[in-house]
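**Student:** Can you read through this structure? Questions will come right after.
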Amino acid sequence: MAENERKDIPVQTEEAQLSEILQIRRDKLKTLQDAGKDPFQITKFDVSHHAEEIKADYDTLEGKDVTVAGRLMSKRIMGKASFAHVQDLSGTIQIYVARDSLGEEAYAEFKKYDIGDIVGVASTVFKTKTGETSLHATGMTLLSKSLKPLPEKFHGLTNVDMRYRQRYVDLIMNPESKDTFIKRSKIIAAIRRYLDSQGFMEVETPMLVSNAGGAAARPFETHFNALDEDFKLRISLELPLKRLIVGGLERVFEIGRVFRNEGLDTRHNPEFTLMELYQAYTDYHGMMDLTENMFRYVAKEVLGTTTIVYNGVEMDLGKPFARVTMVDAVKQYSGVDFKEIHTLEEARAAADAHHVEYEDRHTKGDILNLFFETFVEEHLIQPTFVMDHPVEISPLTKKKPEDPEYVERFEMFMNGWEMCNAYSELNDPIDQRERFKAQEAQFAAGDEEANHTDEDFLNALEIVMTPTGGIGYGIDRLFMLLTDSASIRDVLLFPTMKTLD
């Protein structure tokens with residue numbers, strides 16, 4: 001058995017062995033409790049240092065007394081002296097446990113500890129003959145008793161599905177997983193620092209809404225018993241934040257969960273983290289400048305470099321980001337020039353010729369976007385702003401004054417992924433009402449992701465909103481790129497999973 005808890009048991013099935021281990025551990029806990037040494041009654045332990053801190057500051061700490069606490073990850077009993085490893089938030093450190101230093105009774109108790117137990121160690125810092133920074137234990141306390149064994153230490157928790165379902169075990173057994181989530185926290189902190197330096201105010205807006213607008217997505221629906229009304233979980237942060245711009249809060253942002261009733265894949269989870277920000281008196285060019293500077297700042301702060309390596313591919317945030325219109329990008333990669341396509345019939349003919357599938361409800365602008373998705377996205381590896389989308393797919397965006405078939409909008413792409421979506425925000429309430437009407441017509445025609453008319457938002461626009469630039473970031477994808485993670489589930493502590501039968 002991996003933990004050497006019983007060496008004399010006969011060959012058993014894996015299930016029987018596990019049952020035996022579970023019983024042994026419960027028996028040990030009962031013995032401790034009967035002796036008045038229940039570890040679950042201990043309420044605190046004063047920790048002076050962490051493992052990596054001791055290793056980094058060895059020259060200062062050599063010979064000094066320190067206390068550490070963490071999970072017992074290995075134990076090697078050698079008569080009167082033993083070695084163990086304890087893991088805390090920062091990493092692991094070796095513990096030298098000698099009977100003469102600890103005392104005969106305490107040493108006997110230590111030998112009964114199990115892998116996975118939480119222990120506190122009073123000790124002196126030293127190095128072994130092999131040069132490994134270690135702690136010479138002078139006192140050990142069992143702080144919490146593990147009643148289930150950890151996965152076999154040499155293979156770790158390798159079952160991907162179980163890693164997502166039991167993230168707590170994944171964090172214990174896979175240091176790279178813990179490092180990913182520590183880095184995620186640092187990325188969010190760096191974003192907040194940057195936006196604070198630019199005068200932005202962080203706010204919170206409702207998750208339960210009567211009208212889920214601001215994005216093309218199907219919402220989750222629920223019922224609020226107290227009001228006897230149906231509500232939806234938000235799919236976007238946009239409309240409440242714009243209301244705050246109307247109210248005079250000139251620079252606002254929110255980092256929060258949004259919910260979209262859509263499929264699961266390596267880049268999509270129905271519950272994910274969105275960041276949106278809005279800035280008065282600027283446009284989508286201002287949002288491009290802010291995005292480029294913020295991505296560069298965050299990479300430098302978290303990685304120490306502006307070069308990202310994802311799945312072996314380098315992406316350079318240090319260079320100016322490319323800027324191209326959607327029409328020019330489609331022409332470059334498909335050979336179809338939508339400047340020369342003037343009618344829906346011509347757009348459909350081009351789609352038929354290039355095997356681009358479309359629906360009867362799709363407009364010329366929709367078909368342009370389908371060309372973009374089919375021929376262009378996969379080629380946009382280096383940071384690229386794709387600008388000037390068709391008006392039909394941009395219901396909340398200002399039209400380009402010189403070409404009203406298109407709007408002042410961009411999406412930024414890296415690694416073939418959409419990283420953010422930005423507008424010069426539409427602030428004309430009359431135009432906005434017409435856009436909502438068009439969206440209602442699309443919904444009636446079968447588009448379940450179309451927006452519905454939001455009368456309160458229209459009322460806010462009639463009060464009047466300043467010229468405004470706005471942007472939304474699916475920052476889980478940024479976490480993926482900066483941590484070289486293959487799936488969005490690798491950067492979500494608790495990804496959505498189908499319930500086990």
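Convention: chains lettered A, B, ... in structure tokens order; per-chain residue numbering from 1; ligands numbered from 1 as shown.
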Can you list, as a ChimeraX atom specification, all residues belonging to stretch 69-190 of chain A that DSSP tags as alpha helix (DSSP H)?

**Tutor:** /A:99-102,104-111,160-165,167-173,175-190

**Student:** Would you list the contacts of stretch 114-119 of chain A as a list in words, taking every protein, DNA or RNA residue within 7 Å and counting only C-alpha atoms, but skipping same-chain residues closer than 6 positions in sequence?

**Tutor:**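 Contacts, with the query itself left out: Ala69, Gly70, Arg71, Leu72, Met73, Ser74, Met140, Thr141, Leu142, Leu143, Ser144, Lys145, Ser146, Pro149 and Leu150 of chain A.
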
**Student:** Work out how far apart atom CA of A:Leu317 and atom CA of A:Glu202 are and give it in Å to one decimal.

**Tutor:**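 Atom-to-atom, atom CA of A:Leu317 and atom CA of A:Glu202 are spaced 25.5 Å apart.
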
**Student:** Skip A:Gln94 itself and residues of its chain fewer than 5 positions away, then list as an mmCIF file with N, CA and C atoms, in the first residue's frame all residues within 10 Å of it, counting only C-alpha atoms.

**Tutor:**
```cif
data_model
loop_
_atom_site.group_PDB
_atom_site.id
_atom_site.type_symbol
_atom_site.label_atom_id
_atom_site.label_comp_id
_atom_site.auth_asym_id
_atom_site.auth_seq_id
_atom_site.Cartn_x
_atom_site.Cartn_y
_atom_site.Cartn_z
ATOM 1 N N ALA A 51 7.506 28.033 3.625
ATOM 2 C CA ALA A 51 8.591 27.187 3.125
ATOM 3 C C ALA A 51 9.532 27.937 2.194
ATOM 4 N N MET A 73 3.208 15.679 3.381
ATOM 5 C CA MET A 73 3.170 15.103 2.035
ATOM 6 C C MET A 73 4.023 13.844 1.893
ATOM 7 N N SER A 74 4.974 13.661 2.791
ATOM 8 C CA SER A 74 5.771 12.426 2.768
ATOM 9 C C SER A 74 6.310 12.182 4.163
ATOM 10 N N LYS A 75 6.661 10.918 4.420
ATOM 11 C CA LYS A 75 7.177 10.558 5.741
ATOM 12 C C LYS A 75 8.060 9.326 5.569
ATOM 13 N N PHE A 83 12.524 11.564 8.340
ATOM 14 C CA PHE A 83 12.376 12.747 7.486
ATOM 15 C C PHE A 83 10.936 12.840 6.991
ATOM 16 N N ALA A 84 10.480 14.064 6.779
ATOM 17 C CA ALA A 84 9.138 14.305 6.254
ATOM 18 C C ALA A 84 9.177 15.561 5.394
ATOM 19 N N HIS A 85 8.151 15.741 4.624
ATOM 20 C CA HIS A 85 7.987 16.987 3.867
ATOM 21 C C HIS A 85 6.627 17.581 4.186
ATOM 22 N N VAL A 86 6.641 18.879 4.443
ATOM 23 C CA VAL A 86 5.410 19.615 4.732
ATOM 24 C C VAL A 86 5.187 20.646 3.633
ATOM 25 N N GLN A 87 3.961 20.711 3.146
ATOM 26 C CA GLN A 87 3.603 21.628 2.058
ATOM 27 C C GLN A 87 2.674 22.718 2.574
ATOM 28 N N LYS A 127 20.859 23.079 7.092
ATOM 29 C CA LYS A 127 21.000 22.383 5.824
ATOM 30 C C LYS A 127 21.563 20.993 6.062
ATOM 31 N N THR A 128 21.065 20.026 5.306
ATOM 32 C CA THR A 128 21.574 18.666 5.404
ATOM 33 C C THR A 128 22.931 18.566 4.719
ATOM 34 N N GLU A 132 20.381 20.471 1.282
ATOM 35 C CA GLU A 132 18.951 20.817 1.221
ATOM 36 C C GLU A 132 18.543 21.602 2.465
ATOM 37 N N THR A 133 17.954 22.770 2.237
ATOM 38 C CA THR A 133 17.447 23.564 3.350
ATOM 39 C C THR A 133 16.349 22.783 4.050
ATOM 40 N N SER A 134 16.470 22.635 5.366
ATOM 41 C CA SER A 134 15.561 21.785 6.127
ATOM 42 C C SER A 134 15.258 22.414 7.470
ATOM 43 N N LEU A 135 14.312 21.793 8.182
ATOM 44 C CA LEU A 135 13.941 22.239 9.521
ATOM 45 C C LEU A 135 14.154 21.094 10.505
ATOM 46 N N HIS A 136 14.888 21.363 11.568
ATOM 47 C CA HIS A 136 15.089 20.375 12.630
ATOM 48 C C HIS A 136 13.969 20.571 13.640
#
```

**Student:** DSSP on the backbone, strand (DSSP E or B) only: what residues of stretch 217-299 of chain A does that give? Format it as a PyMOL selection string.

**Tutor:** chain A and resi 221-224+229-233+251-259+265+268+271-280

**Student:** Which neighbours of stretch 289-297 of chain A fall inside 7 Å, counting only C-alpha atoms, when residues of the same chain fewer than 5 positions from it are skipped, and could you give them as JSON, numbers by chain?

**Tutor:** {"A": [194, 306, 317, 318, 321]}

**Student:** Quick one: residues within 8 Å of A:Lys364, only C-alpha atoms, excluding same-chain residues fewer than 4 positions away - as a list in words?

**Tutor:** Thr343, Leu344, Ala347, Arg348 and Leu368 of chain A

**Student:** Grab the residues selected above and save them as a CSV table (one decimal), in the first residue's frame with C-alpha atoms.

**Tutor:**
```csv
chain,number,residue,atom,x,y,z
A,343,THR,CA,-27.2,43.9,-51.9
A,344,LEU,CA,-28.3,41.0,-49.9
A,347,ALA,CA,-23.9,38.7,-50.4
A,348,ARG,CA,-25.7,35.4,-50.6
A,368,LEU,CA,-19.9,39.6,-43.8
```

**Student:** Please report as JSON lines every residue of stretch 427-497 of chain A lying within 12 Å of stretch 161-178 of chain A, along with the nearest atom pair and their distance in Å (one decimal), using only C-alpha atoms.

**Tutor:**
```
{"residue": "A:Thr483", "atom": "CA", "partner": "A:Glu176", "partner_atom": "CA", "distance": 9.6}
{"residue": "A:Asp484", "atom": "CA", "partner": "A:Glu176", "partner_atom": "CA", "distance": 10.8}
{"residue": "A:Ser485", "atom": "CA", "partner": "A:Ser177", "partner_atom": "CA", "distance": 9.6}
{"residue": "A:Ser487", "atom": "CA", "partner": "A:Tyr164", "partner_atom": "CA", "distance": 11.2}
{"residue": "A:Ile488", "atom": "CA", "partner": "A:Tyr164", "partner_atom": "CA", "distance": 11.0}
{"residue": "A:Arg489", "atom": "CA", "partner": "A:Tyr164", "partner_atom": "CA", "distance": 7.2}
{"residue": "A:Asp490", "atom": "CA", "partner": "A:Ser177", "partner_atom": "CA", "distance": 7.6}
{"residue": "A:Val491", "atom": "CA", "partner": "A:Ser177", "partner_atom": "CA", "distance": 8.5}
{"residue": "A:Leu492", "atom": "CA", "partner": "A:Tyr164", "partner_atom": "CA", "distance": 8.7}
{"residue": "A:Leu493", "atom": "CA", "partner": "A:Arg167", "partner_atom": "CA", "distance": 6.7}
{"residue": "A:Phe494", "atom": "CA", "partner": "A:Tyr164", "partner_atom": "CA", "distance": 6.7}
{"residue": "A:Pro495", "atom": "CA", "partner": "A:Tyr164", "partner_atom": "CA", "distance": 6.6}
{"residue": "A:Thr496", "atom": "CA", "partner": "A:Tyr164", "partner_atom": "CA", "distance": 8.8}
{"residue": "A:Met497", "atom": "CA", "partner": "A:Arg165", "partner_atom": "CA", "distance": 7.3}
```

**Student:** So that I can check the surroundings of A:His342, please list as a VMD selection string every protein, DNA and RNA residue that reaches within 12 Å of it, counting only C-alpha atoms and ignoring chain neighbours fewer than 3 positions away.

**Tutor:** chain A and resid 337 to 339 345 to 350 363 to 365 368 405

**Student:** Atoms to include: C-alpha atoms. Write the selected residues as a PDB file, in the first residue's frame.

**Tutor:**
```pdb
ATOM      1  CA  ASP A 337     -14.387  42.453 -51.310  1.00  0.00           C
ATOM      2  CA  PHE A 338     -17.576  43.497 -49.522  1.00  0.00           C
ATOM      3  CA  LYS A 339     -16.990  47.072 -50.698  1.00  0.00           C
ATOM      4  CA  GLU A 345     -28.567  38.885 -53.066  1.00  0.00           C
ATOM      5  CA  GLU A 346     -24.936  39.622 -53.944  1.00  0.00           C
ATOM      6  CA  ALA A 347     -23.853  38.705 -50.416  1.00  0.00           C
ATOM      7  CA  ARG A 348     -25.730  35.399 -50.587  1.00  0.00           C
ATOM      8  CA  ALA A 349     -24.217  34.630 -53.968  1.00  0.00           C
ATOM      9  CA  ALA A 350     -20.715  35.231 -52.568  1.00  0.00           C
ATOM     10  CA  THR A 363     -28.602  40.244 -43.601  1.00  0.00           C
ATOM     11  CA  LYS A 364     -25.686  41.376 -45.722  1.00  0.00           C
ATOM     12  CA  GLY A 365     -23.877  42.433 -42.534  1.00  0.00           C
ATOM     13  CA  LEU A 368     -19.890  39.588 -43.832  1.00  0.00           C
ATOM     14  CA  GLU A 405     -23.621  50.701 -43.061  1.00  0.00           C
TER      15      GLU A 405
END
```

**Student:** Compile the contact shell of A:Val125 as an MDAnalysis selection string: residues with an atom at most 10 Å away, counting only C-alpha atoms, same-chain residues fewer than 5 positions apart removed.

**Tutor:** chainID A and resid 54:55 58:67 95 133:137

**Student:** So, counting only C-alpha atoms, which residue among A:Phe436, A:Phe410, A:Phe272, A:Phe231 is closest to A:Ile475?

**Tutor:**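 Once distances to A:Ile475 are computed over only C-alpha atoms, the minimum belongs to A:Phe272.
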
**Student:** Set out as a Markdown table a contact list for stretch 178-277 of chain A and stretch 446-462 of chain A with a cut-off of 12 Å, giving each residue of stretch 178-277 of chain A that qualifies its closest atom pair and distance in Å to one decimal, counting only C-alpha atoms, ordered by chain and rising residue number.

**Tutor:**
```
| residue | atom | partner | partner_atom | distance |
| --- | --- | --- | --- | --- |
| A:Val209 | CA | A:Asp454 | CA | 11.2 |
| A:Ser210 | CA | A:Asp454 | CA | 9.5 |
| A:Asn211 | CA | A:Asp454 | CA | 6.9 |
| A:Ala212 | CA | A:Asn451 | CA | 7.7 |
| A:Gly213 | CA | A:Asn451 | CA | 5.5 |
| A:Gly214 | CA | A:Asn451 | CA | 7.2 |
| A:Ala215 | CA | A:Asn451 | CA | 7.3 |
| A:Ala216 | CA | A:Glu449 | CA | 4.7 |
| A:Ala217 | CA | A:Glu449 | CA | 4.4 |
| A:Arg218 | CA | A:Glu449 | CA | 5.0 |
| A:Pro219 | CA | A:Glu449 | CA | 8.2 |
| A:Phe220 | CA | A:Glu449 | CA | 11.6 |
| A:Ile235 | CA | A:Glu449 | CA | 10.3 |
| A:Ser236 | CA | A:Asn451 | CA | 11.3 |
| A:Glu238 | CA | A:Phe457 | CA | 10.6 |
| A:Leu239 | CA | A:Phe457 | CA | 6.9 |
| A:Pro240 | CA | A:Phe457 | CA | 8.2 |
| A:Leu241 | CA | A:Phe457 | CA | 10.5 |
| A:Lys242 | CA | A:Phe457 | CA | 8.5 |
| A:Arg243 | CA | A:Ala460 | CA | 6.3 |
| A:Leu244 | CA | A:Ala460 | CA | 9.4 |
| A:Ile245 | CA | A:Ala460 | CA | 9.7 |
| A:Val246 | CA | A:Ala460 | CA | 6.6 |
| A:Gly247 | CA | A:Ala460 | CA | 8.7 |
| A:Gly248 | CA | A:Ala460 | CA | 11.7 |
| A:Arg260 | CA | A:Glu449 | CA | 9.9 |
| A:Asn261 | CA | A:Glu449 | CA | 9.9 |
| A:Glu262 | CA | A:Glu449 | CA | 10.3 |
```

**Student:** Return the single residue from A:His285, A:Arg435, A:Lys111, A:Lys183 that is closest to A:Gly469, with distances computed using only C-alpha atoms.

**Tutor:**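 Closest to A:Gly469 of all the choices is A:His285.
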
**Student:** Atom CA of A:Gly103 and atom CA of A:Gln33 are how many Å apart?

**Tutor:**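 Taking atom CA of A:Gly103 as the start and atom CA of A:Gln33 as the end point, the length is 21.3 Å.
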
**Student:** Measuring between only C-alpha atoms, which one of A:Ala422, A:Leu264, A:Ala322, A:Ala329 shows the shortest distance to A:Asp283?

**Tutor:**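 Among the listed residues, the smallest separation from A:Asp283 belongs to A:Ala422.
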